[in-house]
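Let me begin by presenting the structure, written as C-alpha cells, before commenting on it.
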Amino acid sequence: MKNLKRIFLFIGVMMLLLPIRQDTLAAEEYHGQPAKNGEIVFLLDTSGSMNSNDKSRFAIDAIRQAVCSLPSNYKSGLVAYNTGIQTIVPLSGGADPMGTQLSSVIYKGYTNAGEGLNQAVGLFSADENVDRSIVMVTDGEIDMPDKQAKESSRALYSETIKKAKEAGIKIYIVAVGSELNDPNMHIFDGAEMTDGAIYWQGQSGNLVQIMNRILYDRMNLPKRSVGVTDGNGGSLHVELPSPGAERVKVVLTSGQGIQNVTADYTADEGHITSGRNFAVIEMTRPASGAVDVRFQTPELSGVEAYMTVEYTARPVVNINYRREEVLPDAGSEEKSKTKFPPLYKHYADLELSLKDTAGKNENLWNTPYYEGQSVPFCVNGVWKSGTISGGLIPYSLPIDGIDTVTVEFDTSMFAEQYRIEQPVTEQLAPPPDPIPEPEPDYRPLWAILGALALVIVLILLWWYKKKNAAVIYVSQSPSSKEPVKMKTKACTYSGKFSIYVVRTADGRDVPPQTYHLFGRNSGRMTLGQILASCKIKLGKIGEEDIIIYPGPDHSVIIMDQSERCTVLRGMEILKKGMGYPVFYNEKITITFEDESTEMEIHYKNLKPSERKS
Amino acid sequence: MGNVIKQTNRTLLMEVINPEKLDLLTLVGDVRGVESLSDDKIKEINDHLMVRSFDELLEKFAPTVYCYYNANNQRVVYQLDKPEQVPDEMLTEIPLNRQNEFMGMLMSMVETKRSEGTINVDFKFEKLTDMISPKKVMDAIKQNRKELQYTYGEYAKLDEEDPKKRDLGDKLNVMFEEASANYNNVMALLPLAIEDIKTRLLLGDGGDKKDNTPLALGVLSMGDQGELRVLEAPKVETTALTTIDDNVNTGLIEALKDDYQALNEESNDYVGALVARTFCPLSSTMESSIDIATEVSNYNSYLEFYKESKDAFIKTVKPLIERLLGIWCYFEQYPKKLKGMRPSMLVTNVSNEMLAKSSNIPRLITYLTTVNAKNDFTNTVWYAVVPNVSLDQNSKMKLTRERFKGNSKAEKNDTNSVESLIRLLDVFKDYKVQCFFSYEADDSTTFNALATEGITRYEDRCAALMGKEFSEFAIPCLPNYTIIPKDKSGVVLDSRMVVGENQTAELSKEKEDIMKLWIDGVYVGAAYVAAGVVAACQCPEYLKSKFGPGVRLDMELPGVRFDIEADDHSLIACTTMAKEITGFTNSIKNDINRKNFGFIFSSENASYKGTNITKIMVYKARNLMSDGSMFEPIYKTQVTTYIERVMRHGTGDFKEDSIVQFFSNNPNSQKSQWLSRREYLNGVLGAGDDISCSINEETGYCTLDITFNGNVKNLEVEINRLSANKA
C-alpha cells in the first residue's frame, strides 16, 4: 500500500509537471530551440534474475525496438551488465551491431548496476548541445556476491548518478518484473536524481509501450502517429508529408507481437527491421509519396504505427523589395512645399520556405499537409511566428540600416524532423531608390509654349481679321472706272440703319426699324441678320445675299450677291458682287427677289450721346 | 445782325381736307433713289398744299361734301369722299366755305363768344344755332335779293351803251353766281321752298304748279303736287309752270328763270317759279290759287326732309368742319392785320395713318430732308399738328373700332392711332419738328372734363411717348376747345304747320311739332390753337402788338426764345379763344405744376394792367422730355434747333474754325450778338442764358452747352474737318 501511495504521488507530481513542461516548450517555441542531436545508451540488466522476470527476452526486443526507432541524429550504445560488464556497444556502433550483441546477451550472474551505469555514462561523448539519456532496463536492486562489492557498486552507482546529473544525462529506468515495486529503492535514485523517470512493466504498460513513452513522450522524439489498428493484421497506407524526405521510418509496435511485415515503397534504400513486437520500415530518400505496409499479429491486439520523417533542408529566402514613401506630417506641410526629395521606408517582403538539400523538392512545405501550419522563425535574431501559405511564410521586414537578413526556422513543433542548414544569411540588395529627379526647369518650356501661344493668338487674330477683312472690290467714283481692292480689316461699323419696308408681297405694313451698327464687331454681315434682329421676316427672298461690310470714312460697303435682287444706292443700281460705299445720310433701295417687296435703308450717323446709350 | 432765320413757324398739318385734291404723298411721288426733292417740286407742293390763311385753305382745298340720294330708303346721303360709283350728274357737291350756313354758324359762334367774353355756361348758343334754320337762310337770301333787285333796277335803267351798265353787269354776274349756289340743287332750295310756302300760306297767297324732275339714280324731286320724293328711275317730262303775274320785275324774273334753266338742263317749272319768287321783290304780286291742305302737307314734308337731311349732313360733315375750324383757329391766333412772320401751314391732305405707313414714311423723310436739311430755311417745317389722337394709348394703325350699340352717330374711326403718331415722331425728331398733338375732341376732353378729372388721365395716355428719343418733340396739348357743347347743340328749325278750323294754315304750337336737330357738339383740337399761338409768337410783329412799345424787341429776330410760361407772357400773348369755364381748381393746378406736364390751356380769371383777360391762356408749354422730375419747356427745343440751324448756316456746315469764330468773344461773333440782345423779349439767349462749346477732337463732335436759366441743355453737332477724319 505504501508503494502504491508513492506511485500515485509520483504520478501526480508528474501530472503536475507535464503541463509545466509543455508550457516551457511552448515558451521555447518562440525562442526557437532547434532540434538537438541525441545520445542514448541502453543499460540492460542481464543478471540471472532476468531469466525469471523476462523469460521471453522482451526487454531485449524493446531495446531493439527503441534503437531502430531512433532518428538518425541519435546515437545509441549499449551496456549489458550483470556481475560485471557483459557487453558494451559504443555509441557509434549502429543498430545492427547492437542487435547482434543483444541477441547474444545471456541472463546470468549478479547485478552490478554501479559498474554498468558507470560504463554507460562513460560511453557518452563530450559534445555539447546533445541530449543524453540512459535507458536502464533492470529487474532489481544492485546485488553482488558480497556485501563489499555490493556497497561498492552501490556507491559507484550513486557516484555515477551524480556524474550523470552533472553531464545532463537523464536516466530512465524500466523496472522489469515485480521485484522493483518500491519507488524508494536505491536503483531508482538514478531516475530521480537525473530528472529521469521510472516505468514499471505492467503498471506503465508493456515494454513496447514503455519504450514508446520514453522515446516519444519523454525524449520528445518527433513522430507522427499514422494509425492504430485493433484487427488481426492488416494493412496500413501511410502518406509522406512531403516529397524529398531524407529518411523515413515507419514503426509498427504491438504488445502482442507482430509478424510478416511487408512494405511497398520506392526509395533509394530501405529495409525492414522486425522484432517480436515491432517492425521498423526504414527508407532512405523514398521516391514515392506513400508506403503501404502489411503485417500480421498473432492476437487481437492494438498495433500502433508511428512514422518519423527526416528532412535535410535549407531555408530559402525569397526577397522582394518594397519601399514606401514617408508622408510628411502636418507640421511639415510647409516644408513639403519646398521641393525636398521624398523619403522612403524600405521593406523586404520575405517569402520563407524550406528547400530539400538533396534537390528533390524545392519547397518542402508546399503540400496540403503543411498548409496553414504555424511556424516560428527567426529573422535577424527576432523570433516570429508565421503561417504557411502556399508553401511560403510571408514576412515583411524593414531593412533600413541592415544589409543582411538571417533566417532560421524552429521546426520542433513538427512531427517531422528537419535537419536544417541554418541560419541562412542573404545579402540585402534593395534596388536603389528612385533618385528624385531634380525638379525640371520648365521655364524654357513655358517660354516656348508662351511663344507658341502668342504665335497662335497672332495667327488667330490675323485669321480673324482676315476673315472679317474680306478683300472686296469696291466701286469707285465714275471717273475711275476700275474698281479697287479693299480690305475691310481696318474698318469698323458706325452709325445706324433706319429700315423702312416700303412694300411687301402680302401688303402688310412693317413698322420702321432702327438698327445700330455702332459697336458691332467688324466683319461681314448680311441684311438677313439685321432683319432677323429687327424681327422682320421677309421669307428668304434674297436678304441673306445682301452683304454689308464696314468701310472707310464711316461708310458701309453694300454688296449685292443675290441673283435677282435689285439694289440701288441713290439712283445707281449696284453691280452684282461689287461693293459700294454708302456714307451717312445716303440711302439704299432694295427690291427683293419676289419682285414685290421693297425696302429702303437710310444710313445715318450717331451722336456721341447716342453711342453711349 | 449776323445770321437770322426769318421763318420759324411753318406748320405741317396731318389731316385730310379734301381727298379729291392733291396730297403730300402724291406730290412727293416716288422717292426711290431720290435723296431730296427739286425746288420745282417744293414750289409745286407749296402751291397746292401750303396756305397762309383760312381763306386760302378754302380756296386751295375747296372742302366739299358730296351728296346723293338713295332711292331705296328715300334718304339723302352725304359723304366726304367722292363716291366713285355714283355718276357725277347724280352727285351734288356742297362746298364747305364761309357761305355754308353750318360753317358760318360755327364761326360766328366763336367770334360772337370771343367778343362777348362769356363762358360756355352763360353763352346763348341757341341764338346762333338757329342760323341754320330755313328762316335764317331766307333772311340771308332776302338781304341778297334786295341788293340783287336794286342792282338789277339800276342795270335796267341804263342804256345799253352806257359803260356803267357793263360795270353793273359784272356786279350782277357775281351776285347771280352767289344766288345760283342756292338754286342749283334741290337741297339748297328746300329752305327756300319752306319759307316760300310759309310766306304764301300765312299771307293767304298760294300757287300750285306742276313739277317734273328727271331722275336717274335716285334724284330728289318734287312731284306734280309739289310733294318731295326721291324717284328711282329717270323720267323725262315737260312741265308748264304757272307764270307769275308780276310785271314789275319781269326782267329780273326772266333773268333768274333763264339762269336756272341754263344751269339745270332738266329744269322744272315749279322750281323755276320758286327761284323766281325767292329772288323777286316781295312786293310782286303772284297769280295763284292755293290748295292749303296740299301746301301744308308739302310744307311739313319739306321741313321733315330738311331736318333729316340737315341732320345727316351735320353728322357727316362735322369731323371735317372741326378740322376746318381747327385750321381757322390756328390762323385766328395771328391777327389778320399784322404784316410779319405770318404762320403758314402745309396741309398734307392725307391721313396720319396713311402717312405713317412704312411705304410712305420715306416720302415724308424725303420731303423733310429737302426743306429741313438745307441751309435755306424758307420752307423749313418747324411744327406739326396731329389732332384727334386716339385716347387708347395702345391704339394700332388700321384699327377698326366697333360702333357702340344703339349709337347712330358716326364713330370716330378716323382718329389717329398712337402707333402712327410714334412713327411720325420718330421722323420728326430727325428733322427737329416739334409736334403738337391733341387727343380726340369730344366732351370728354374739354376744359370742363379737365377741370373735373385732372391731368392724370392724359399723363397715363402719354406714357408710351415718354422716355424716348423723340419725346422732346412730342407736345401733348389739352384740353380741347368747345365750339358748341353737346348739351346745347340743339337747333330749332321751325314748327309743323297745321290746317286751322277756318281752313287757314297756321304753325302748330305743340311742343312735339317743333322740328329740332342735334349737332351733338362741335369741338376743336387743342393742338391747332397751341400751334397757332406758338407760331404767332415767333413773329416779332405779333409780340410787339401784344406787348406794346415798352418792350425791347429785335424786329429781325424770331421769337424762338419767347417763353410763354414766363412772367406775364401768358396773360399778354393769350389765345383768341374765349374762356370756356371759370377755371381749374387749385388742386388740379397743383397737379399740373408738380410735373409741369403738357401744353395746357387755362380758362382762368385773370387781369393784366387792370384789364380782365377774357381769353384762354397758355398755362404750360412743355414737351414730353423729362429729367425725372419735370418736363422740359418747348422753347428750349426750338432755341436749340434754331441755334443749330443758324450755326450750320453760319459756320459752313460746322467748319471747325468757323465754330470757334462763331463762339468767340469777338463783338461781331454770333454768340456776342446774341448775348448783346439778352434783354430783348425775343433775344435768342435770354437774361439767364449762356452758351459755350467744346470740341472733342477724338469724336469729331462739338458739344454746345446751352444754359437756360441755369439749366444746361446739350447739343451735339458733327464738325466738318478740313483734314482727314480722326474719329
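In the C-alpha cells, each chain is lettered A, B, ... as it comes, each chain's residues begin at 1, and ligands are numbered from 1 in order of appearance.
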Should the cut-off be 8 Å, what would the residue list for chain B against chain A look like, counting only C-alpha atoms, as a CSV table (one decimal) with all heavy atoms, in the first residue's frame?
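What ended up in part22.csv:
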```
chain,number,residue,atom,x,y,z
B,32,ARG,N,-37.8,106.6,-104.8
B,32,ARG,CA,-36.7,105.6,-104.9
B,32,ARG,C,-35.5,106.2,-105.5
B,32,ARG,O,-35.5,106.7,-106.6
B,32,ARG,CB,-37.2,104.4,-105.7
B,32,ARG,CG,-37.8,103.3,-104.9
B,32,ARG,CD,-38.3,102.2,-105.7
B,32,ARG,NE,-39.5,102.6,-106.5
B,32,ARG,CZ,-40.3,101.7,-107.1
B,32,ARG,NH1,-40.1,100.4,-107.0
B,32,ARG,NH2,-41.4,102.2,-107.7
B,33,GLY,N,-34.4,106.1,-104.7
B,33,GLY,CA,-33.1,106.6,-105.2
B,33,GLY,C,-33.0,108.1,-105.1
B,33,GLY,O,-32.0,108.7,-105.5
B,34,VAL,N,-34.1,108.7,-104.6
B,34,VAL,CA,-34.1,110.2,-104.5
B,34,VAL,C,-33.7,110.6,-103.1
B,34,VAL,O,-34.4,110.2,-102.1
B,34,VAL,CB,-35.4,110.8,-104.9
B,34,VAL,CG1,-35.4,112.3,-104.8
B,34,VAL,CG2,-35.7,110.3,-106.3
B,35,GLU,N,-32.7,111.5,-103.0
B,35,GLU,CA,-32.4,112.0,-101.7
B,35,GLU,C,-33.2,113.1,-101.2
B,35,GLU,O,-33.6,113.2,-100.1
B,35,GLU,CB,-30.9,112.4,-101.6
B,35,GLU,CG,-29.9,111.3,-101.9
B,35,GLU,CD,-29.8,110.3,-100.8
B,35,GLU,OE1,-30.2,110.6,-99.7
B,35,GLU,OE2,-29.4,109.1,-101.1
B,357,LYS,N,-47.6,105.0,-92.7
B,357,LYS,CA,-47.3,103.7,-93.2
B,357,LYS,C,-45.9,103.6,-93.7
B,357,LYS,O,-45.3,104.6,-94.2
B,357,LYS,CB,-48.2,103.3,-94.4
B,357,LYS,CG,-49.6,103.0,-94.0
B,357,LYS,CD,-50.5,102.7,-95.1
B,357,LYS,CE,-50.3,101.3,-95.7
B,357,LYS,NZ,-51.2,101.0,-96.7
B,358,SER,N,-45.3,102.4,-93.5
B,358,SER,CA,-43.9,102.3,-93.8
B,358,SER,C,-43.6,102.7,-95.3
B,358,SER,O,-42.5,103.2,-95.6
B,358,SER,CB,-43.4,100.9,-93.6
B,358,SER,OG,-43.1,100.7,-92.3
B,359,SER,N,-44.5,102.4,-96.1
B,359,SER,CA,-44.3,102.7,-97.5
B,359,SER,C,-44.3,104.2,-97.8
B,359,SER,O,-43.7,104.6,-98.8
B,359,SER,CB,-45.4,102.1,-98.4
B,359,SER,OG,-46.7,102.5,-97.9
B,360,ASN,N,-44.9,105.0,-96.9
B,360,ASN,CA,-45.0,106.4,-97.2
B,360,ASN,C,-44.0,107.2,-96.4
B,360,ASN,O,-43.7,108.4,-96.7
B,360,ASN,CB,-46.4,106.9,-96.9
B,360,ASN,CG,-47.4,106.2,-97.8
B,360,ASN,OD1,-47.1,106.0,-99.0
B,360,ASN,ND2,-48.6,106.0,-97.4
B,361,ILE,N,-43.5,106.6,-95.3
B,361,ILE,CA,-42.6,107.4,-94.5
B,361,ILE,C,-41.3,107.9,-95.3
B,361,ILE,O,-40.9,109.0,-95.1
B,361,ILE,CB,-42.2,106.6,-93.2
B,361,ILE,CG1,-43.3,106.6,-92.2
B,361,ILE,CG2,-40.9,107.1,-92.6
B,361,ILE,CD1,-43.1,105.9,-90.9
B,362,PRO,N,-40.8,107.1,-96.1
B,362,PRO,CA,-39.7,107.6,-96.9
B,362,PRO,C,-40.0,108.8,-97.7
B,362,PRO,O,-39.2,109.7,-97.9
B,362,PRO,CB,-39.3,106.4,-97.9
B,362,PRO,CG,-39.7,105.2,-97.1
B,362,PRO,CD,-41.0,105.6,-96.4
B,423,ARG,N,-44.6,106.7,-85.0
B,423,ARG,CA,-43.8,106.6,-86.2
B,423,ARG,C,-43.5,108.0,-86.8
B,423,ARG,O,-42.4,108.2,-87.2
B,423,ARG,CB,-44.6,105.8,-87.3
B,423,ARG,CG,-44.8,104.4,-87.0
B,423,ARG,CD,-45.3,103.7,-88.2
B,423,ARG,NE,-45.6,102.3,-87.9
B,423,ARG,CZ,-46.0,101.4,-88.9
B,423,ARG,NH1,-46.2,101.8,-90.1
B,423,ARG,NH2,-46.3,100.2,-88.6
B,699,THR,N,-13.8,112.4,-81.2
B,699,THR,CA,-15.1,112.0,-81.8
B,699,THR,C,-15.4,112.9,-83.0
B,699,THR,O,-16.3,112.5,-83.8
B,699,THR,CB,-16.2,112.1,-80.8
B,699,THR,OG1,-16.4,113.4,-80.3
B,699,THR,CG2,-16.0,111.2,-79.6
B,701,TYR,N,-16.9,115.7,-82.7
B,701,TYR,CA,-18.2,116.4,-82.4
B,701,TYR,C,-17.9,117.6,-81.6
B,701,TYR,O,-17.0,117.7,-80.7
B,701,TYR,CB,-19.1,115.4,-81.6
B,701,TYR,CG,-20.0,114.7,-82.5
B,701,TYR,CD1,-19.6,113.6,-83.3
B,701,TYR,CD2,-21.3,115.1,-82.7
B,701,TYR,CE1,-20.4,112.9,-84.1
B,701,TYR,CE2,-22.2,114.4,-83.5
B,701,TYR,CZ,-21.8,113.3,-84.2
B,701,TYR,OH,-22.6,112.7,-85.1
B,716,GLU,N,-25.2,118.3,-79.7
B,716,GLU,CA,-24.0,117.8,-80.3
B,716,GLU,C,-24.1,118.0,-81.8
B,716,GLU,O,-25.1,117.6,-82.5
B,716,GLU,CB,-23.9,116.3,-80.0
B,716,GLU,CG,-23.7,116.0,-78.6
B,716,GLU,CD,-23.9,114.6,-78.2
B,716,GLU,OE1,-24.8,113.9,-78.8
B,716,GLU,OE2,-23.2,114.1,-77.3
B,717,VAL,N,-23.1,118.5,-82.4
B,717,VAL,CA,-23.0,118.6,-83.9
B,717,VAL,C,-21.7,118.1,-84.3
B,717,VAL,O,-20.7,118.2,-83.7
B,717,VAL,CB,-23.2,120.1,-84.3
B,717,VAL,CG1,-24.6,120.6,-84.0
B,717,VAL,CG2,-22.2,121.0,-83.7
B,718,GLU,N,-21.8,117.4,-85.5
B,718,GLU,CA,-20.6,116.9,-86.0
B,718,GLU,C,-19.8,117.9,-86.8
B,718,GLU,O,-20.4,118.6,-87.7
B,718,GLU,CB,-20.9,115.7,-87.0
B,718,GLU,CG,-19.7,114.9,-87.4
B,718,GLU,CD,-20.0,113.8,-88.3
B,718,GLU,OE1,-21.1,113.7,-88.8
B,718,GLU,OE2,-19.2,112.9,-88.5
B,725,ASN,N,-10.3,112.4,-91.5
B,725,ASN,CA,-11.1,112.0,-90.3
B,725,ASN,C,-10.2,111.5,-89.2
B,725,ASN,O,-9.3,110.7,-89.5
B,725,ASN,CB,-12.0,110.9,-90.7
B,725,ASN,CG,-13.4,111.5,-91.1
B,725,ASN,OD1,-13.8,112.4,-90.4
B,725,ASN,ND2,-13.9,111.1,-92.2
```
Polymer residues at most 7 Å from segment 193-205 of chain A, only C-alpha atoms, same-chain spacing of 6 or more positions, as a list in words: Ile161, Lys165, Ile169, Lys170, Ile171, Tyr172, Ile173, Val174, Ala175, Val176 and Gly177 of chain A
* To do: For segment 81-92 of chain B, please output as a PyMOL selection string all residues within 6 Å (counting only C-alpha atoms; exclusion window: fewer than 3 positions along the same chain).
  => chain B and resi 66-68
Can those selected residues be exported to a file as a compact mmCIF listing (two decimals), in the first residue's frame so that it contains N, CA, C and O atoms?
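Contents of the output file out.txt:
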```txt
# COMPACT_ATOMS: atom_id res chain seq x y z
N TYR B 66 -70.09 115.61 -100.53
CA TYR B 66 -70.78 115.04 -101.68
C TYR B 66 -72.11 114.48 -101.21
O TYR B 66 -72.20 113.82 -100.18
N CYS B 67 -73.09 114.75 -102.04
CA CYS B 67 -74.45 114.41 -101.64
C CYS B 67 -75.12 113.66 -102.79
O CYS B 67 -74.97 114.04 -103.96
N TYR B 68 -75.76 112.59 -102.46
CA TYR B 68 -76.57 111.89 -103.46
C TYR B 68 -77.75 111.26 -102.75
O TYR B 68 -77.82 111.25 -101.51
```
Give me the residues near Gly519 of chain A as a ChimeraX atom specification, where near means some atom within 9 Å (using only C-alpha atoms) and where sequence neighbours in that chain fewer than 5 positions away do not count. /A:492-494,611
Near-segment 74-83 of chain A list (9 Å; only C-alpha atoms; drop same-chain fewer than 5 positions) as a compact mmCIF listing (two decimals) with N, CA, C and O atoms, in the first residue's frame:
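Wrote it out as selection10.txt, contents follow:
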```txt
# COMPACT_ATOMS: atom_id res chain seq x y z
N LYS A 36 17.94 19.10 -31.18
CA LYS A 36 19.30 18.71 -30.79
C LYS A 36 19.62 17.29 -31.28
O LYS A 36 18.73 16.49 -31.48
N ASN A 37 20.93 17.02 -31.32
CA ASN A 37 21.33 15.62 -31.52
C ASN A 37 21.17 14.87 -30.20
O ASN A 37 21.06 15.48 -29.12
N GLY A 38 21.17 13.64 -30.31
CA GLY A 38 20.96 12.87 -29.09
C GLY A 38 21.90 11.67 -28.97
O GLY A 38 22.37 11.15 -29.98
N GLU A 39 22.16 11.33 -27.77
CA GLU A 39 22.95 10.12 -27.47
C GLU A 39 22.19 9.34 -26.41
O GLU A 39 21.77 9.90 -25.42
N ILE A 40 21.97 8.16 -26.70
CA ILE A 40 21.18 7.35 -25.78
C ILE A 40 21.92 5.98 -25.59
O ILE A 40 22.38 5.38 -26.56
N VAL A 41 22.02 5.69 -24.36
CA VAL A 41 22.72 4.41 -24.02
C VAL A 41 21.70 3.52 -23.30
O VAL A 41 21.07 3.97 -22.35
N PHE A 42 21.54 2.38 -23.83
CA PHE A 42 20.65 1.40 -23.17
C PHE A 42 21.47 0.58 -22.20
O PHE A 42 22.51 0.02 -22.56
N LEU A 43 21.03 0.57 -21.00
CA LEU A 43 21.75 -0.16 -19.92
C LEU A 43 20.87 -1.33 -19.52
O LEU A 43 19.83 -1.18 -18.92
N LEU A 44 21.34 -2.47 -19.93
CA LEU A 44 20.49 -3.68 -19.75
C LEU A 44 21.05 -4.53 -18.60
O LEU A 44 22.23 -4.87 -18.57
N ASP A 45 20.15 -4.78 -17.73
CA ASP A 45 20.48 -5.68 -16.61
C ASP A 45 20.38 -7.11 -17.14
O ASP A 45 19.30 -7.55 -17.54
N THR A 46 21.47 -7.81 -17.18
CA THR A 46 21.46 -9.18 -17.69
C THR A 46 21.77 -10.17 -16.58
O THR A 46 22.40 -11.23 -16.79
N SER A 47 21.38 -9.76 -15.37
CA SER A 47 21.60 -10.65 -14.23
C SER A 47 20.75 -11.91 -14.38
O SER A 47 19.80 -11.95 -15.20
N GLY A 48 21.02 -12.79 -13.56
CA GLY A 48 20.32 -14.07 -13.66
C GLY A 48 18.84 -13.94 -13.37
O GLY A 48 18.00 -14.71 -13.88
N VAL A 67 16.04 1.19 -30.35
CA VAL A 67 17.20 1.55 -31.17
C VAL A 67 16.80 1.76 -32.63
O VAL A 67 17.23 2.70 -33.29
N ILE A 88 29.50 -4.33 -24.32
CA ILE A 88 29.37 -2.88 -24.50
C ILE A 88 29.33 -2.59 -25.99
O ILE A 88 30.15 -3.09 -26.73
N VAL A 89 28.36 -1.84 -26.33
CA VAL A 89 28.31 -1.35 -27.73
C VAL A 89 28.44 0.17 -27.67
O VAL A 89 27.60 0.84 -27.07
N PRO A 90 29.49 0.65 -28.21
CA PRO A 90 29.66 2.12 -28.13
C PRO A 90 28.58 2.86 -28.94
O PRO A 90 27.87 2.29 -29.76
N LEU A 91 28.60 4.15 -28.77
CA LEU A 91 27.54 4.98 -29.40
C LEU A 91 27.61 4.95 -30.93
O LEU A 91 26.60 5.07 -31.59
N SER A 92 28.74 4.78 -31.40
CA SER A 92 28.86 4.82 -32.86
C SER A 92 28.67 3.45 -33.49
O SER A 92 28.98 3.26 -34.66
N GLY A 93 28.13 2.54 -32.67
CA GLY A 93 28.01 1.19 -33.17
C GLY A 93 26.96 0.98 -34.22
O GLY A 93 27.14 0.23 -35.16
N GLY A 94 25.92 1.60 -34.07
CA GLY A 94 24.80 1.41 -35.02
C GLY A 94 23.86 0.33 -34.53
O GLY A 94 24.11 -0.38 -33.55
N ALA A 95 22.77 0.24 -35.23
CA ALA A 95 21.68 -0.62 -34.80
C ALA A 95 21.99 -2.11 -35.04
O ALA A 95 21.68 -2.96 -34.22
N MET A 98 24.39 -3.60 -32.58
CA MET A 98 23.71 -3.66 -31.27
C MET A 98 22.71 -4.82 -31.25
O MET A 98 22.62 -5.57 -30.27
N GLN A 101 24.65 -7.89 -30.70
CA GLN A 101 25.08 -8.02 -29.31
C GLN A 101 23.93 -8.37 -28.42
O GLN A 101 24.07 -9.20 -27.51
N LEU A 102 22.86 -7.79 -28.67
CA LEU A 102 21.69 -8.04 -27.81
C LEU A 102 21.21 -9.48 -27.94
O LEU A 102 20.81 -10.10 -26.97
N VAL A 105 23.16 -11.74 -25.74
CA VAL A 105 23.14 -11.48 -24.28
C VAL A 105 22.54 -12.68 -23.56
O VAL A 105 21.55 -13.26 -23.99
N TYR A 107 21.32 -13.94 -19.70
CA TYR A 107 20.98 -13.50 -18.36
C TYR A 107 21.64 -14.44 -17.35
O TYR A 107 21.25 -15.61 -17.25
N LYS A 108 22.56 -13.88 -16.60
CA LYS A 108 23.20 -14.69 -15.55
C LYS A 108 23.97 -13.76 -14.63
O LYS A 108 24.31 -12.63 -15.01
N GLY A 109 24.36 -14.28 -13.45
CA GLY A 109 25.19 -13.52 -12.53
C GLY A 109 24.39 -12.51 -11.71
O GLY A 109 23.15 -12.52 -11.62
N TYR A 110 25.16 -11.57 -11.10
CA TYR A 110 24.60 -10.61 -10.18
C TYR A 110 24.32 -9.34 -10.91
O TYR A 110 24.48 -9.25 -12.10
N THR A 111 23.97 -8.38 -10.05
CA THR A 111 23.56 -7.10 -10.66
C THR A 111 24.50 -6.01 -10.23
O THR A 111 24.41 -5.46 -9.14
N ASN A 112 25.42 -5.71 -11.09
CA ASN A 112 26.38 -4.67 -10.76
C ASN A 112 25.98 -3.39 -11.53
O ASN A 112 26.58 -2.99 -12.53
N ALA A 113 24.93 -2.85 -11.06
CA ALA A 113 24.38 -1.66 -11.75
C ALA A 113 25.33 -0.49 -11.68
O ALA A 113 25.37 0.34 -12.61
N GLU A 115 28.60 -0.51 -11.84
CA GLU A 115 29.58 -0.57 -12.90
C GLU A 115 28.91 -0.36 -14.26
O GLU A 115 29.44 0.31 -15.15
N GLY A 116 27.74 -0.95 -14.36
CA GLY A 116 27.03 -0.79 -15.65
C GLY A 116 26.74 0.66 -15.96
O GLY A 116 26.97 1.16 -17.07
N LEU A 117 26.25 1.32 -14.91
CA LEU A 117 25.93 2.74 -15.14
C LEU A 117 27.20 3.54 -15.43
O LEU A 117 27.22 4.43 -16.28
N GLN A 119 29.84 2.46 -16.84
CA GLN A 119 30.26 2.22 -18.21
C GLN A 119 29.38 2.98 -19.21
O GLN A 119 29.85 3.50 -20.21
N ALA A 120 28.12 3.00 -18.86
CA ALA A 120 27.18 3.69 -19.76
C ALA A 120 27.48 5.17 -19.82
O ALA A 120 27.50 5.77 -20.92
N LEU A 123 30.23 6.08 -21.95
CA LEU A 123 30.10 5.98 -23.41
C LEU A 123 29.76 7.33 -24.08
O LEU A 123 29.98 7.51 -25.27
N PHE A 124 29.21 8.22 -23.32
CA PHE A 124 28.76 9.48 -23.93
C PHE A 124 29.93 10.31 -24.41
O PHE A 124 31.00 10.28 -23.84
N ASP A 131 21.43 15.93 -26.38
CA ASP A 131 20.57 15.32 -25.35
C ASP A 131 21.15 13.94 -25.03
O ASP A 131 21.40 13.13 -25.93
N ASP A 143 22.92 -6.00 -6.75
CA ASP A 143 23.16 -7.22 -5.96
C ASP A 143 24.46 -7.82 -6.45
O ASP A 143 24.62 -8.11 -7.65
N MET A 144 25.31 -7.98 -5.44
CA MET A 144 26.63 -8.51 -5.76
C MET A 144 26.88 -9.71 -4.86
O MET A 144 26.21 -9.89 -3.84
N PRO A 145 27.84 -10.40 -5.22
CA PRO A 145 28.08 -11.62 -4.41
C PRO A 145 28.42 -11.30 -2.96
O PRO A 145 28.08 -12.00 -2.03
```
